[in-house]
Amino acid sequence: LQELIQRHHIPPSLLSLPTLKKLRIRDTHLGDPMWAATPICCSLEFLDLGSCYHETQDFNRVCTERIVGNVGHTVDAFTLNTAISTETYSFEKPKETPLKKLRKIHLTPLFPVENVVDTLTTLSGSPIEELSVRCHEDDVEDMCTALEDFLCICAERKESDFYKQLSQIKLSTVKDL
């Protein structure tokens, strides 16, 4: 199934498999609008969404938001290649408790550094305990600055629930191509 997913268009009907716990979709087009409307029969624990390299960042963001909005309330761990925004919650079901189980976020080296703070702020309503970030060696300085900006926001909002559960941040690098 994993090989099929990586090479072909992925049908949203996968969400009708009651035993589906982990979903990794990479290097494929996620533009099917049915991702937002397909009834969910599974309880995903892990969601890893890549991006389509021949589409724009904005298009990939909208596609990711559709999927997250539909299945996000079941997900415990989430790997992102694409930034997300508050628009994610316009797709979210149920709307009153967005991403209520999300405990772990992993940002891949393809994640745009300039969107780290906005994406993490968008996910701040979730009980996130662990954040891991992998970046290219030449992005380390920018990533550290982005994480520092994020931590400053956490410090400013320490009296609120903003990342109150966060206990671990991991940063690692990958060699540049």
# chains A, B, ... in the order shown; residues from 1 in each chain; ligands from 1

$ residues_around --residues "range 119-121 of chain A" --least-positions-apart "3" --cutoff "9 Å" --atoms "only C-alpha atoms" --output "ChimeraX atom specification"
/A:83-86,115-116,124-125,150,153,162

$ residues_around --residues "range 49-66 of chain A" --least-positions-apart "4" --cutoff "8 Å" --atoms "only C-alpha atoms" --output "PyMOL selection string"
chain A and resi 24-33+35-36+70+79-85+87-89+91

$ residues_around --residues "Gly72 in chain A" --least-positions-apart "3" --cutoff "9 Å" --atoms "only C-alpha atoms" --output "list of chain:residue names"
A:Leu44, A:Leu47, A:Ile67, A:Val68, A:Gly69, A:Val75, A:Asp76, A:Phe78, A:Glu92, A:Lys93, A:Pro98, A:Leu99, A:Lys100, A:Lys101, A:Leu102

$ write_last_selection --atoms "all heavy atoms" --output "CSV table (one decimal), in the first residue's frame"
chain,number,residue,atom,x,y,z
A,44,LEU,N,-7.0,7.6,12.8
A,44,LEU,CA,-5.5,7.8,12.5
A,44,LEU,C,-4.8,8.2,13.8
A,44,LEU,O,-5.2,9.1,14.5
A,44,LEU,CB,-5.3,8.8,11.4
A,44,LEU,CG,-5.7,8.5,10.0
A,44,LEU,CD1,-5.4,9.7,9.1
A,44,LEU,CD2,-4.9,7.3,9.5
A,47,LEU,N,-0.1,10.9,11.1
A,47,LEU,CA,-0.3,11.5,9.7
A,47,LEU,C,0.9,12.1,9.3
A,47,LEU,O,1.5,13.0,10.0
A,47,LEU,CB,-1.5,12.5,9.8
A,47,LEU,CG,-1.9,13.1,8.5
A,47,LEU,CD1,-2.4,12.1,7.5
A,47,LEU,CD2,-3.0,14.2,8.8
A,67,ILE,N,-7.1,17.9,4.4
A,67,ILE,CA,-6.9,16.6,5.0
A,67,ILE,C,-6.8,16.7,6.5
A,67,ILE,O,-7.5,15.9,7.2
A,67,ILE,CB,-5.6,15.9,4.4
A,67,ILE,CG1,-5.8,15.6,2.9
A,67,ILE,CG2,-5.4,14.5,5.1
A,67,ILE,CD1,-4.5,15.2,2.2
A,68,VAL,N,-6.0,17.6,7.0
A,68,VAL,CA,-5.9,17.8,8.4
A,68,VAL,C,-7.3,18.2,9.0
A,68,VAL,O,-7.6,17.7,10.1
A,68,VAL,CB,-4.8,18.8,8.8
A,68,VAL,CG1,-4.8,19.1,10.2
A,68,VAL,CG2,-3.5,18.3,8.3
A,69,GLY,N,-8.0,19.0,8.3
A,69,GLY,CA,-9.3,19.4,8.8
A,69,GLY,C,-10.3,18.3,9.0
A,69,GLY,O,-11.1,18.3,9.9
A,75,VAL,N,-5.7,12.5,15.2
A,75,VAL,CA,-4.2,12.3,15.1
A,75,VAL,C,-3.4,12.7,16.3
A,75,VAL,O,-3.6,13.7,16.9
A,75,VAL,CB,-3.7,13.2,13.9
A,75,VAL,CG1,-2.2,13.1,13.7
A,75,VAL,CG2,-4.4,12.7,12.6
A,76,ASP,N,-2.5,11.8,16.7
A,76,ASP,CA,-1.6,12.0,17.8
A,76,ASP,C,-0.3,12.6,17.4
A,76,ASP,O,0.3,13.4,18.0
A,76,ASP,CB,-1.4,10.7,18.5
A,76,ASP,CG,-0.4,10.8,19.7
A,76,ASP,OD1,-0.8,11.4,20.7
A,76,ASP,OD2,0.7,10.2,19.6
A,78,PHE,N,2.0,14.2,13.9
A,78,PHE,CA,1.8,14.8,12.7
A,78,PHE,C,3.1,15.3,12.1
A,78,PHE,O,3.9,16.0,12.7
A,78,PHE,CB,0.9,16.0,12.9
A,78,PHE,CG,0.3,16.7,11.7
A,78,PHE,CD1,0.4,16.2,10.4
A,78,PHE,CD2,-0.2,18.0,11.9
A,78,PHE,CE1,-0.1,16.8,9.4
A,78,PHE,CE2,-0.8,18.6,10.8
A,78,PHE,CZ,-0.7,18.1,9.5
A,92,GLU,N,-12.1,21.8,9.7
A,92,GLU,CA,-12.0,21.0,10.9
A,92,GLU,C,-13.4,20.5,11.4
A,92,GLU,O,-14.4,21.2,11.4
A,92,GLU,CB,-11.4,21.7,12.1
A,92,GLU,CG,-11.2,20.9,13.4
A,92,GLU,CD,-10.3,19.8,13.3
A,92,GLU,OE1,-9.3,19.8,12.5
A,92,GLU,OE2,-10.4,18.8,14.1
A,93,LYS,N,-13.4,19.2,11.7
A,93,LYS,CA,-14.6,18.6,12.3
A,93,LYS,C,-14.2,17.7,13.5
A,93,LYS,O,-13.3,16.9,13.3
A,93,LYS,CB,-15.2,17.6,11.2
A,93,LYS,CG,-15.7,18.3,10.0
A,93,LYS,CD,-16.0,17.3,8.9
A,93,LYS,CE,-16.1,18.0,7.6
A,93,LYS,NZ,-15.7,17.2,6.5
A,98,PRO,N,-10.4,21.6,17.8
A,98,PRO,CA,-9.5,21.4,16.7
A,98,PRO,C,-8.2,20.6,17.2
A,98,PRO,O,-7.6,20.9,18.2
A,98,PRO,CB,-9.1,22.7,16.2
A,98,PRO,CG,-9.4,23.7,17.3
A,98,PRO,CD,-10.5,23.1,18.1
A,99,LEU,N,-7.9,19.6,16.5
A,99,LEU,CA,-6.7,18.8,16.7
A,99,LEU,C,-6.5,18.5,18.2
A,99,LEU,O,-5.4,18.7,18.8
A,99,LEU,CB,-5.4,19.5,16.1
A,99,LEU,CG,-5.6,19.9,14.6
A,99,LEU,CD1,-4.4,20.7,14.2
A,99,LEU,CD2,-5.7,18.7,13.8
A,100,LYS,N,-7.5,18.0,18.8
A,100,LYS,CA,-7.5,17.8,20.3
A,100,LYS,C,-6.6,16.7,20.8
A,100,LYS,O,-6.3,16.7,22.0
A,100,LYS,CB,-9.0,17.5,20.7
A,100,LYS,CG,-9.5,16.2,20.2
A,100,LYS,CD,-10.9,16.0,20.7
A,100,LYS,CE,-11.4,14.7,20.1
A,100,LYS,NZ,-12.8,14.5,20.4
A,101,LYS,N,-6.1,15.8,20.0
A,101,LYS,CA,-5.2,14.8,20.4
A,101,LYS,C,-3.8,15.0,20.0
A,101,LYS,O,-2.9,14.2,20.4
A,101,LYS,CB,-5.7,13.4,19.8
A,101,LYS,CG,-7.0,12.9,20.4
A,101,LYS,CD,-7.3,11.6,19.9
A,101,LYS,CE,-8.6,11.0,20.5
A,101,LYS,NZ,-8.9,9.7,20.0
A,102,LEU,N,-3.5,16.0,19.2
A,102,LEU,CA,-2.2,16.2,18.7
A,102,LEU,C,-1.1,16.4,19.8
A,102,LEU,O,-1.2,17.4,20.5
A,102,LEU,CB,-2.2,17.4,17.7
A,102,LEU,CG,-0.9,17.6,16.9
A,102,LEU,CD1,-0.5,16.4,16.1
A,102,LEU,CD2,-1.0,18.8,16.1

$ select_by_dssp --residues "range 42-89 of chain A" --states "strand (DSSP E)" --output "PyMOL selection string"
chain A and resi 46-49+77-80

$ write_last_selection --atoms "N, CA and C atoms" --output "mmCIF file, in the first residue's frame"
data_model
loop_
_atom_site.group_PDB
_atom_site.id
_atom_site.type_symbol
_atom_site.label_atom_id
_atom_site.label_comp_id
_atom_site.auth_asym_id
_atom_site.auth_seq_id
_atom_site.Cartn_x
_atom_site.Cartn_y
_atom_site.Cartn_z
ATOM 1 N N PHE A 46 -1.196 8.515 13.359
ATOM 2 C CA PHE A 46 -0.021 9.142 12.753
ATOM 3 C C PHE A 46 -0.377 9.622 11.356
ATOM 4 N N LEU A 47 -0.065 10.876 11.059
ATOM 5 C CA LEU A 47 -0.319 11.455 9.749
ATOM 6 C C LEU A 47 0.945 12.145 9.266
ATOM 7 N N ASP A 48 1.417 11.745 8.100
ATOM 8 C CA ASP A 48 2.618 12.318 7.496
ATOM 9 C C ASP A 48 2.237 12.777 6.104
ATOM 10 N N LEU A 49 2.151 14.078 5.917
ATOM 11 C CA LEU A 49 1.746 14.632 4.634
ATOM 12 C C LEU A 49 2.911 15.344 3.969
ATOM 13 N N ALA A 77 0.239 12.146 16.223
ATOM 14 C CA ALA A 77 1.530 12.600 15.700
ATOM 15 C C ALA A 77 1.348 13.059 14.261
ATOM 16 N N PHE A 78 2.001 14.168 13.934
ATOM 17 C CA PHE A 78 1.781 14.821 12.661
ATOM 18 C C PHE A 78 3.123 15.273 12.096
ATOM 19 N N THR A 79 3.436 14.842 10.869
ATOM 20 C CA THR A 79 4.644 15.268 10.169
ATOM 21 C C THR A 79 4.224 16.183 9.032
ATOM 22 N N LEU A 80 4.888 17.337 8.949
ATOM 23 C CA LEU A 80 4.522 18.351 7.965
ATOM 24 C C LEU A 80 5.688 18.725 7.061
#

$ select_by_dssp --residues "range 73-142 of chain A" --states "alpha helix (DSSP H)" --output "PyMOL selection string"
chain A and resi 88-91+116-122+140-142

$ residues_around --residues "Arg103 in chain A" --least-positions-apart "5" --cutoff "6 Å" --atoms "only C-alpha atoms" --output "PyMOL selection string"
chain A and resi 76+127-129

$ write_last_selection --atoms "N, CA and C atoms" --output "short mmCIF file (atom, residue, chain, number, x, y, z; two decimals), in the first residue's frame"
data_model
loop_
_atom_site.label_atom_id
_atom_site.label_comp_id
_atom_site.auth_asym_id
_atom_site.auth_seq_id
_atom_site.Cartn_x
_atom_site.Cartn_y
_atom_site.Cartn_z
N ASP A 76 -2.50 11.80 16.68
CA ASP A 76 -1.61 12.00 17.82
C ASP A 76 -0.27 12.59 17.37
N PRO A 127 -2.70 19.86 22.56
CA PRO A 127 -1.85 19.55 23.73
C PRO A 127 -0.47 19.00 23.33
N ILE A 128 0.26 19.77 22.56
CA ILE A 128 1.54 19.32 22.01
C ILE A 128 2.59 19.20 23.11
N GLU A 129 3.22 18.04 23.14
CA GLU A 129 4.26 17.75 24.12
C GLU A 129 5.65 17.74 23.51
#

$ atom_distance --atom1 "CA of Ala37 in chain A" --atom2 "CA of Pro12 in chain A"
8.9 Å

$ atom_distance --atom1 "CA of Asp161 in chain A" --atom2 "CA of Ser132 in chain A"
19.9 Å

$ atom_distance --atom1 "CA of Glu141 in chain A" --atom2 "CA of Asp118 in chain A"
18.0 Å
